[in-house]
Amino acid sequence: MKTINFPYIAMAIGLLLMMLVIKGSQLDGQGNTVLPLLTLLIANECAFFLTITGSYIGLKYLKSINFNIRLKPLYTMTTILCILLTIQFTLLGLKLWPL
């Protein structure tokens, strides 16, 4: 696999893990989460590292083509989505962490 394709994979897996973390963090009638807290935190952290790596590889490639968005519009949108997912996983991780 070429590393240039990694943002596509990171986005797909990141969206899947986002759905898992959001659905798993819902509270039941007794105030417990659907999935155990440690499972949610591990899934969130893995997704964070996956999407930040996809963002880095995507930005590195876009820099090599001088950020010409018209040349690779789908790749640009995928990289932007990876950046947004990274931010969302950061905020969600802080929200999940028990203080």
# chains A, B, ... in the order shown; residues from 1 in each chain; ligands from 1
>>> select_by_dssp(residues="chain A", states="helix (DSSP H, G or I)", output="ChimeraX atom specification")
/A:3-24,37-64,73-96
>>> residues_around(residues="Thr90 (chain A)", least_positions_apart="6", cutoff="12 Å", atoms="only C-alpha atoms", output="ChimeraX atom specification")
/A:18,41,44-49,51-52,83-84,96-97
>>> closest_residue(among="A:Leu62, A:Ile22, A:Tyr56, A:Pro98", to="Ala43 (chain A)", atoms="only C-alpha atoms")
A:Ile22
>>> closest_residue(among="A:Gly14, A:Pro36, A:Asn66, A:Pro7", to="Ile87 (chain A)", atoms="only C-alpha atoms")
A:Gly14
>>> residues_around(residues="Ile9 (chain A)", least_positions_apart="5", cutoff="12 Å", atoms="only C-alpha atoms", output="tab-separated table (two decimals) with C-alpha atoms, in the first residue's frame")
chain	number	residue	atom	x	y	z
A	1	MET	CA	0.00	0.00	0.00
A	2	LYS	CA	1.21	3.48	-0.80
A	3	THR	CA	1.20	5.88	2.12
A	4	ILE	CA	-0.54	8.48	-0.04
A	14	GLY	CA	-12.19	7.10	12.08
A	15	LEU	CA	-15.84	7.54	11.15
A	16	LEU	CA	-16.57	3.96	12.20
A	47	ALA	CA	-8.94	6.74	16.43
A	50	LEU	CA	-5.15	7.14	13.27
A	51	THR	CA	-6.76	10.38	12.12
A	53	THR	CA	-1.56	10.36	11.09
A	54	GLY	CA	-3.97	10.63	8.15
A	55	SER	CA	-4.02	14.41	8.58
A	57	ILE	CA	0.22	12.42	5.53
A	58	GLY	CA	-2.54	14.30	3.71
A	75	TYR	CA	-8.07	14.08	-1.35
A	78	THR	CA	-10.58	13.70	3.00
A	79	THR	CA	-7.63	15.45	4.64
A	81	LEU	CA	-12.26	15.58	7.38
A	82	CYS	CA	-9.33	13.80	9.06
>>> atom_distance(atom1="CA of Gly93 (chain A)", atom2="CA of Ala10 (chain A)")
17.8 Å
>>> atom_distance(atom1="CA of Gly24 (chain A)", atom2="CA of Ile80 (chain A)")
25.5 Å
>>> closest_residue(among="A:Leu71, A:Leu17, A:Leu37, A:Met11", to="Lys95 (chain A)", atoms="only C-alpha atoms")
A:Leu37
